[in-house]
>>> print(open('target-v3.pdb').read())   # PDB, C-alpha atoms
ATOM      1  CA  MET A   1       0.000   0.000   0.000
ATOM      2  CA  GLU A   2       1.219   3.479  -0.842
ATOM      3  CA  TYR A   3       0.306   6.516   1.248
ATOM      4  CA  ILE A   4       0.238  10.237   0.618
ATOM      5  CA  LYS A   5       0.296  13.201   2.994
ATOM      6  CA  VAL A   6      -2.463  15.699   2.303
ATOM      7  CA  THR A   7      -1.287  19.329   2.478
ATOM      8  CA  LYS A   8      -2.466  22.779   1.452
ATOM      9  CA  ASP A   9      -0.675  22.253  -1.845
ATOM     10  CA  ASN A  10      -2.502  19.085  -2.888
ATOM     11  CA  ILE A  11      -5.747  19.024  -0.886
ATOM     12  CA  GLU A  12      -7.913  20.287  -3.746
ATOM     13  CA  LYS A  13      -7.030  17.340  -5.958
ATOM     14  CA  GLU A  14      -6.876  14.671  -3.252
ATOM     15  CA  HIS A  15      -9.752  12.544  -2.040
ATOM     16  CA  ILE A  16     -10.155  12.772   1.740
ATOM     17  CA  CYS A  17     -11.501   9.263   2.316
ATOM     18  CA  CYS A  18     -14.346   9.630   4.780
ATOM     19  CA  ALA A  19     -16.741  11.499   2.503
ATOM     20  CA  ILE A  20     -16.611   9.786  -0.862
ATOM     21  CA  SER A  21     -17.885  12.358  -3.301
ATOM     22  CA  ASN A  22     -16.698  15.233  -5.457
ATOM     23  CA  ASN A  23     -15.304  18.556  -4.276
ATOM     24  CA  ASN A  24     -18.670  20.251  -4.798
ATOM     25  CA  ASP A  25     -20.250  18.106  -2.094
ATOM     26  CA  VAL A  26     -20.961  20.113   1.060
ATOM     27  CA  GLN A  27     -19.372  17.403   3.228
ATOM     28  CA  VAL A  28     -16.111  17.428   1.282
ATOM     29  CA  ALA A  29     -15.949  21.216   1.187
ATOM     30  CA  SER A  30     -16.565  21.453   4.934
ATOM     31  CA  LYS A  31     -13.897  18.899   5.829
ATOM     32  CA  LYS A  32     -11.279  20.325   3.492
ATOM     33  CA  ALA A  33     -11.848  23.836   4.815
ATOM     34  CA  TRP A  34     -11.419  22.565   8.385
ATOM     35  CA  LEU A  35      -8.222  20.712   7.473
ATOM     36  CA  CYS A  36      -6.712  23.716   5.715
ATOM     37  CA  GLU A  37      -7.186  25.805   8.839
ATOM     38  CA  ARG A  38      -5.453  23.152  10.969
ATOM     39  CA  PHE A  39      -2.337  22.461   8.877
ATOM     40  CA  ASP A  40      -0.527  25.453  10.378
ATOM     41  CA  ASP A  41      -1.228  23.945  13.827
ATOM     42  CA  GLY A  42       0.726  20.832  12.871
ATOM     43  CA  LEU A  43      -2.129  18.604  11.728
ATOM     44  CA  VAL A  44      -1.131  15.606   9.601
ATOM     45  CA  PHE A  45      -3.552  13.783   7.319
ATOM     46  CA  LEU A  46      -2.001  10.622   5.883
ATOM     47  CA  LYS A  47      -4.090   8.465   3.574
ATOM     48  CA  SER A  48      -4.029   5.629   1.119
ATOM     49  CA  THR A  49      -3.366   6.603  -2.485
ATOM     50  CA  GLU A  50      -6.356   4.415  -3.344
ATOM     51  CA  ARG A  51      -9.886   5.763  -3.060
ATOM     52  CA  GLY A  52     -11.577   4.665   0.156
ATOM     53  CA  LYS A  53     -11.550   4.879   3.939
ATOM     54  CA  CYS A  54      -7.944   4.278   4.914
ATOM     55  CA  PHE A  55      -6.285   7.161   6.742
ATOM     56  CA  ILE A  56      -4.921   8.614   9.962
ATOM     57  CA  GLU A  57      -5.341  12.196  11.156
ATOM     58  CA  TYR A  58      -3.301  13.547  14.069
ATOM     59  CA  ILE A  59      -2.196  16.856  15.605
ATOM     60  CA  PRO A  60      -0.003  18.115  18.478
ATOM     61  CA  ALA A  61      -2.165  17.691  21.571
ATOM     62  CA  GLU A  62      -1.816  21.356  22.511
ATOM     63  CA  ASN A  63      -3.758  22.144  19.335
ATOM     64  CA  ALA A  64      -6.281  19.305  19.560
ATOM     65  CA  TRP A  65      -9.951  20.242  19.498
ATOM     66  CA  ASN A  66     -10.640  18.305  22.686
ATOM     67  CA  PRO A  67     -10.558  19.280  26.377
ATOM     68  CA  ILE A  68      -7.396  17.426  27.348
ATOM     69  CA  GLU A  69      -4.175  18.176  29.231
ATOM     70  CA  ALA A  70      -1.513  16.468  27.143
ATOM     71  CA  ASP A  71       1.375  18.847  26.551
ATOM     72  CA  GLY A  72       4.120  17.243  24.516
ATOM     73  CA  TYR A  73       1.899  14.460  23.149
ATOM     74  CA  MET A  74       0.505  13.854  19.688
ATOM     75  CA  PHE A  75      -3.268  13.430  19.604
ATOM     76  CA  ILE A  76      -4.853  11.107  17.042
ATOM     77  CA  ASN A  77      -8.131  12.584  15.811
ATOM     78  CA  CYS A  78      -9.015   9.552  13.755
ATOM     79  CA  LEU A  79      -7.544   6.251  12.571
ATOM     80  CA  TRP A  80      -9.994   4.749  10.115
ATOM     81  CA  VAL A  81      -9.575   1.652   7.979
ATOM     82  CA  SER A  82     -12.727   0.029   6.665
ATOM     83  CA  GLY A  83     -14.323  -1.874   3.815
ATOM     84  CA  SER A  84     -11.969  -3.810   1.561
ATOM     85  CA  PHE A  85      -8.959  -2.256   3.327
ATOM     86  CA  LYS A  86      -9.595  -4.196   6.533
ATOM     87  CA  GLY A  87      -7.435  -7.165   7.446
ATOM     88  CA  HIS A  88      -4.315  -6.174   5.524
ATOM     89  CA  GLY A  89      -2.309  -4.488   8.272
ATOM     90  CA  TYR A  90      -2.955  -0.962   7.029
ATOM     91  CA  SER A  91      -3.931   0.266  10.496
ATOM     92  CA  ASN A  92      -0.521  -0.889  11.698
ATOM     93  CA  ASP A  93       1.138   0.902   8.784
ATOM     94  CA  LEU A  94      -0.624   4.189   9.483
ATOM     95  CA  LEU A  95      -0.077   4.009  13.232
ATOM     96  CA  GLY A  96       3.574   3.141  12.628
ATOM     97  CA  GLU A  97       3.999   6.226  10.441
ATOM     98  CA  CYS A  98       2.377   8.357  13.144
ATOM     99  CA  ILE A  99       4.706   6.935  15.798
ATOM    100  CA  ALA A 100       7.812   7.518  13.679
ATOM    101  CA  ASP A 101       6.759  11.071  12.814
ATOM    102  CA  SER A 102       5.882  11.872  16.439
ATOM    103  CA  LYS A 103       9.227  10.552  17.693
ATOM    104  CA  SER A 104      11.062  12.628  15.086
ATOM    105  CA  LYS A 105       9.223  15.668  16.483
ATOM    106  CA  GLU A 106      10.359  14.655  20.007
ATOM    107  CA  LYS A 107       6.868  13.992  21.345
ATOM    108  CA  LYS A 108       6.340  12.216  24.669
ATOM    109  CA  GLY A 109       3.906   9.769  23.091
ATOM    110  CA  LEU A 110       0.476   9.423  21.514
ATOM    111  CA  CYS A 111      -3.017   9.782  22.915
ATOM    112  CA  ILE A 112      -6.437   8.999  21.467
ATOM    113  CA  LEU A 113     -10.075   8.730  22.537
ATOM    114  CA  SER A 114     -11.727   5.360  23.024
ATOM    115  CA  SER A 115     -14.254   3.831  25.408
ATOM    116  CA  VAL A 116     -14.867   0.993  27.837
ATOM    117  CA  LYS A 117     -16.633  -0.899  25.048
ATOM    118  CA  LYS A 118     -16.272  -0.255  21.324
ATOM    119  CA  LYS A 119     -18.343   2.714  20.197
ATOM    120  CA  PRO A 120     -19.009   4.038  16.681
ATOM    121  CA  PHE A 121     -16.440   6.537  15.396
ATOM    122  CA  LEU A 122     -14.023   5.813  18.264
ATOM    123  CA  ALA A 123     -10.874   3.697  18.291
ATOM    124  CA  ASP A 124     -11.317   0.039  19.187
ATOM    125  CA  PRO A 125     -10.016  -0.448  22.764
ATOM    126  CA  LYS A 126      -8.961  -4.016  21.952
ATOM    127  CA  TYR A 127      -6.757  -2.775  19.118
ATOM    128  CA  LEU A 128      -5.260  -0.037  21.268
ATOM    129  CA  LYS A 129      -4.419  -2.515  24.025
ATOM    130  CA  TYR A 130      -2.847  -4.836  21.447
ATOM    131  CA  LYS A 131      -0.635  -1.961  20.257
ATOM    132  CA  GLY A 132       0.532  -1.146  23.778
ATOM    133  CA  PHE A 133      -1.770   1.752  24.654
ATOM    134  CA  GLU A 134      -3.091   2.156  28.197
ATOM    135  CA  VAL A 135      -5.988   4.089  29.721
ATOM    136  CA  SER A 136      -4.798   7.348  31.259
ATOM    137  CA  ASP A 137      -8.158   8.902  32.171
ATOM    138  CA  GLU A 138     -11.896   8.233  31.977
ATOM    139  CA  ALA A 139     -14.964  10.469  31.972
ATOM    140  CA  ASP A 140     -18.230   9.626  33.726
ATOM    141  CA  ASN A 141     -19.839   8.621  30.432
ATOM    142  CA  GLY A 142     -17.299   5.862  29.752
ATOM    143  CA  ILE A 143     -15.226   7.821  27.243
ATOM    144  CA  GLN A 144     -11.571   7.100  27.866
ATOM    145  CA  LEU A 145      -8.283   8.766  27.021
ATOM    146  CA  TRP A 146      -5.672   6.190  26.024
ATOM    147  CA  TYR A 147      -1.960   6.863  25.672
ATOM    148  CA  LEU A 148       1.196   5.282  24.326
ATOM    149  CA  PRO A 149       4.280   6.764  26.028
ATOM    150  CA  PHE A 150       7.596   6.660  24.201
ATOM    151  CA  GLU A 151       9.584   6.672  27.456
ATOM    152  CA  LYS A 152       8.960   5.472  30.987
ATOM    153  CA  GLY A 153       7.977   7.963  33.629
ATOM    154  CA  VAL A 154       6.399  10.610  31.403
ATOM    155  CA  GLU A 155       3.378  12.422  32.763
ATOM    156  CA  LYS A 156       0.071  10.870  31.760
ATOM    157  CA  PRO A 157      -2.344  12.918  29.645
ATOM    158  CA  CYS A 158      -5.756  13.576  31.195
ATOM    159  CA  PHE A 159      -9.121  15.181  30.567
ATOM    160  CA  LYS A 160      -9.772  18.726  31.689
ATOM    161  CA  GLU A 161     -12.210  18.983  34.590
ATOM    162  CA  CYS A 162     -14.963  20.305  32.293
ATOM    163  CA  ALA A 163     -14.930  17.030  30.349
ATOM    164  CA  LYS A 164     -14.696  14.513  33.180
ATOM    165  CA  HIS A 165     -18.343  14.908  34.184
ATOM    166  CA  PRO A 166     -20.270  15.527  30.935
ATOM    167  CA  HIS A 167     -23.363  17.503  31.865
ATOM    168  CA  ILE A 168     -25.050  20.720  30.739
ATOM    169  CA  ASP A 169     -27.774  22.872  32.285
ATOM    170  CA  GLU A 170     -30.165  22.852  29.348
ATOM    171  CA  ASN A 171     -33.337  20.885  28.656
ATOM    172  CA  GLY A 172     -34.224  19.205  25.398
ATOM    173  CA  TYR A 173     -31.718  17.903  22.903
ATOM    174  CA  VAL A 174     -28.440  19.786  22.636
ATOM    175  CA  LEU A 175     -25.767  18.803  20.130
ATOM    176  CA  TYR A 176     -22.149  19.930  20.277
ATOM    177  CA  TYR A 177     -20.275  19.375  17.025
ATOM    178  CA  THR A 178     -17.352  20.556  14.904
ATOM    179  CA  SER A 179     -16.515  20.436  11.207
ATOM    180  CA  GLN A 180     -13.823  17.836  11.844
ATOM    181  CA  CYS A 181     -16.349  15.210  10.783
ATOM    182  CA  PRO A 182     -17.535  15.901   7.224
ATOM    183  CA  PHE A 183     -20.883  14.174   7.754
ATOM    184  CA  ASN A 184     -21.970  16.956  10.128
ATOM    185  CA  ALA A 185     -22.299  19.419   7.264
ATOM    186  CA  LYS A 186     -25.023  17.237   5.739
ATOM    187  CA  TYR A 187     -26.747  15.554   8.653
ATOM    188  CA  VAL A 188     -26.906  18.192  11.399
ATOM    189  CA  PRO A 189     -29.311  20.349   9.338
ATOM    190  CA  ILE A 190     -31.374  17.229   8.561
ATOM    191  CA  VAL A 191     -31.725  16.404  12.272
ATOM    192  CA  GLU A 192     -32.557  20.047  13.028
ATOM    193  CA  ARG A 193     -35.391  19.955  10.492
ATOM    194  CA  THR A 194     -36.605  16.581  11.785
ATOM    195  CA  ALA A 195     -36.710  17.855  15.375
ATOM    196  CA  GLN A 196     -38.607  20.968  14.284
ATOM    197  CA  ALA A 197     -41.140  18.875  12.371
ATOM    198  CA  GLN A 198     -41.688  16.713  15.459
ATOM    199  CA  GLY A 199     -42.004  19.691  17.775
ATOM    200  CA  VAL A 200     -38.953  18.594  19.736
ATOM    201  CA  ALA A 201     -36.615  21.047  21.459
ATOM    202  CA  PHE A 202     -33.274  20.758  19.646
ATOM    203  CA  LYS A 203     -30.257  23.074  19.735
ATOM    204  CA  ALA A 204     -27.104  22.575  17.671
ATOM    205  CA  ILE A 205     -23.929  24.244  18.936
ATOM    206  CA  HIS A 206     -21.304  24.434  16.202
ATOM    207  CA  ILE A 207     -17.855  24.661  17.809
ATOM    208  CA  LYS A 208     -15.830  26.850  15.470
ATOM    209  CA  ASN A 209     -12.569  27.492  17.300
ATOM    210  CA  LYS A 210      -9.937  25.657  19.312
ATOM    211  CA  ALA A 211     -10.547  27.575  22.554
ATOM    212  CA  ASP A 212     -14.222  26.590  22.691
ATOM    213  CA  ALA A 213     -13.397  23.000  21.774
ATOM    214  CA  GLN A 214     -10.783  22.740  24.516
ATOM    215  CA  ASN A 215     -13.290  23.923  27.106
ATOM    216  CA  ALA A 216     -16.326  21.958  25.952
ATOM    217  CA  PRO A 217     -18.452  20.005  28.498
ATOM    218  CA  THR A 218     -17.673  16.732  26.733
ATOM    219  CA  PRO A 219     -14.488  14.785  25.952
ATOM    220  CA  ILE A 220     -15.820  14.213  22.423
ATOM    221  CA  THR A 221     -16.326  17.446  20.517
ATOM    222  CA  ASN A 222     -16.867  16.374  16.903
ATOM    223  CA  TYR A 223     -20.319  14.999  17.858
ATOM    224  CA  ALA A 224     -21.803  14.877  21.354
ATOM    225  CA  LEU A 225     -25.566  14.744  21.896
ATOM    226  CA  PHE A 226     -27.173  15.620  25.244
ATOM    227  CA  PHE A 227     -30.775  15.276  26.434
ATOM    228  CA  ASN A 228     -32.069  17.224  29.435
ATOM    229  CA  GLY A 229     -28.507  17.886  30.467
ATOM    230  CA  GLU A 230     -27.230  14.316  30.248
ATOM    231  CA  TYR A 231     -24.835  12.983  27.630
ATOM    232  CA  ILE A 232     -26.445  10.419  25.294
ATOM    233  CA  THR A 233     -24.194   9.474  22.417
ATOM    234  CA  ASN A 234     -21.425  10.350  19.969
ATOM    235  CA  GLU A 235     -23.125   8.364  17.202
ATOM    236  CA  GLN A 236     -24.006  10.352  14.103
ATOM    237  CA  MET A 237     -27.725  10.882  13.667
ATOM    238  CA  ASN A 238     -29.716  10.994  10.443
ATOM    239  CA  ASP A 239     -33.464  11.574  10.339
ATOM    240  CA  LYS A 240     -34.398   7.893  10.737
ATOM    241  CA  ARG A 241     -31.982   7.276  13.590
ATOM    242  CA  PHE A 242     -33.120  10.422  15.391
ATOM    243  CA  LEU A 243     -36.777   9.383  15.079
ATOM    244  CA  LYS A 244     -35.926   6.009  16.608
ATOM    245  CA  LEU A 245     -34.202   7.824  19.456
ATOM    246  CA  LEU A 246     -37.348   9.865  20.043
ATOM    247  CA  ASP A 247     -39.454   6.666  20.123
ATOM    248  CA  ARG A 248     -37.229   5.282  22.861
TER     249      ARG A 248
END
>>> encode(input="target-v3.pdb", output="structure tokens")
Amino acid sequence: MEYIKVTKDNIEKEHICCAISNNNDVQVASKKAWLCERFDDGLVFLKSTERGKCFIEYIPAENAWNPIEADGYMFINCLWVSGSFKGHGYSNDLLGECIADSKSKEKKGLCILSSVKKKPFLADPKYLKYKGFEVSDEADNGIQLWYLPFEKGVEKPCFKECAKHPHIDENGYVLYYTSQCPFNAKYVPIVERTAQAQGVAFKAIHIKNKADAQNAPTPITNYALFFNGEYITNEQMNDKRFLKLLDR
């Protein structure tokens, strides 16, 4: 497998994997705009040269859009290998490239979000354990911060206090999201319209800067849905899935 690093110079012609469409698609445009604004913060987007979901996205933890204390670490936003790419060792390849790059930049180690049990859009805890990662912190909702130190004795990364106890003082459905995930550009408006049609209180809070993301009331910022103040899920909602949630 060959890989290519997406940069400002080639992003317009490169496919970004997780939203398979053309550059005129709102999802693609949203994701590419978000990436372009992050490259100067040290973000790396490494992907397969073949079209499909096979990539890793990571950034110095000081610039991560998550409420964590992890100075000197590299934070993995997403490691995604799916479809026909599964089972060929590509996850190991991508993670290996991230490790080598992070060591060359003299990082203390890597950190990434996962959970007690496998959740959609989060790293598989079994895979992380297999690769030598350990849990360094855990929020009340079961979201965990895992880390892979490059040396013994380095300080463990942790969640900020605002993220350890995910709760907000608002009734109804409240969604926190960023443009890191391209699907949000399409599906958040759909869920907003669905909630309005059902007469359901729904508020979408689009996090548009690093400072707000790093002080959010949830360890997951690219998609975190609350109901009557309590965290519910990080799973992307479309109209049908949201209606099922309302039925429950």
>>> atom_distance(input="target-v3.pdb", atom1="CA of Gln144 (chain A)", atom2="CA of Ser82 (chain A)")
22.4 Å
>>> resolve_selection(input="target-v3.pdb", expression="the PyMOL selection byres ((chain A and resi 56) around 9)", output="list of chain:residue names")
A:Val44, A:Phe45, A:Leu46, A:Lys47, A:Cys54, A:Phe55, A:Glu57, A:Tyr58, A:Ile76, A:Asn77, A:Cys78, A:Leu79, A:Trp80, A:Val81, A:Ser91, A:Leu94, A:Leu95, A:Cys98
>>> write_last_selection(input="target-v3.pdb", atoms="C-alpha atoms", output="PDB file, in the frame of the given file")
ATOM      1  CA  VAL A  44      -1.131  15.606   9.601  1.00  0.00           C
ATOM      2  CA  PHE A  45      -3.552  13.783   7.319  1.00  0.00           C
ATOM      3  CA  LEU A  46      -2.001  10.622   5.883  1.00  0.00           C
ATOM      4  CA  LYS A  47      -4.090   8.465   3.574  1.00  0.00           C
ATOM      5  CA  CYS A  54      -7.944   4.278   4.914  1.00  0.00           C
ATOM      6  CA  PHE A  55      -6.285   7.161   6.742  1.00  0.00           C
ATOM      7  CA  GLU A  57      -5.341  12.196  11.156  1.00  0.00           C
ATOM      8  CA  TYR A  58      -3.301  13.547  14.069  1.00  0.00           C
ATOM      9  CA  ILE A  76      -4.853  11.107  17.042  1.00  0.00           C
ATOM     10  CA  ASN A  77      -8.131  12.584  15.811  1.00  0.00           C
ATOM     11  CA  CYS A  78      -9.015   9.552  13.755  1.00  0.00           C
ATOM     12  CA  LEU A  79      -7.544   6.251  12.571  1.00  0.00           C
ATOM     13  CA  TRP A  80      -9.994   4.749  10.115  1.00  0.00           C
ATOM     14  CA  VAL A  81      -9.575   1.652   7.979  1.00  0.00           C
ATOM     15  CA  SER A  91      -3.931   0.266  10.496  1.00  0.00           C
ATOM     16  CA  LEU A  94      -0.624   4.189   9.483  1.00  0.00           C
ATOM     17  CA  LEU A  95      -0.077   4.009  13.232  1.00  0.00           C
ATOM     18  CA  CYS A  98       2.377   8.357  13.144  1.00  0.00           C
TER      19      CYS A  98
END
>>> resolve_selection(input="target-v3.pdb", expression="the PyMOL selection byres ((chain A and resi 109) around 6)", output="PyMOL selection string")
chain A and resi 73+107-108+110+148-150
>>> resolve_selection(input="target-v3.pdb", expression="the PyMOL selection byres ((chain A and resi 226) around 10)", output="number ranges by chain")
A: 166-168, 170-176, 202-203, 218, 224-225, 227-234
>>> closest_residue(input="target-v3.pdb", among="A:Tyr3, A:Asp247, A:Phe133, A:Glu37", to="Asp93 (chain A)", atoms="only C-alpha atoms")
A:Tyr3
>>> atom_distance(input="target-v3.pdb", atom1="CA of Gly52 (chain A)", atom2="CA of Cys17 (chain A)")
5.1 Å
>>> residues_near_point(input="target-v3.pdb", point="(1.9, 12.8, 31.9)", cutoff="9 Å", atoms="all atoms listed in the file", output="PyMOL selection string")
chain A and resi 69-73+108+136+149+153-158
>>> closest_residue(input="target-v3.pdb", among="A:Ser114, A:Ser102, A:Asn10, A:Asn238", to="Ile59 (chain A)", atoms="only C-alpha atoms")
A:Ser102
>>> axis_aligned_box(input="target-v3.pdb", around="region 107-121 of chain A", padding_each_side="5 Å", output="lines of an AutoDock Vina configuration file")
center_x = -6.1
center_y = 6.5
center_z = 21.6
size_x = 35.9
size_y = 24.9
size_z = 22.4
>>> closest_residue(input="target-v3.pdb", among="A:Asp212, A:Leu128, A:Lys160, A:Cys18", to="Trp146 (chain A)", atoms="all atoms listed in the file")
A:Leu128
>>> atom_distance(input="target-v3.pdb", atom1="CA of Ile143 (chain A)", atom2="CA of Ile112 (chain A)")
10.6 Å
>>> closest_residue(input="target-v3.pdb", among="A:Ala201, A:Ala211, A:Cys181, A:Met1", to="Ile16 (chain A)", atoms="all atoms listed in the file")
A:Cys181
>>> residues_around(input="target-v3.pdb", residues="region 115-122 of chain A", least_positions_apart="2", cutoff="7 Å", atoms="all atoms listed in the file", output="PyMOL selection string")
chain A and resi 113+124-125+142-144+235
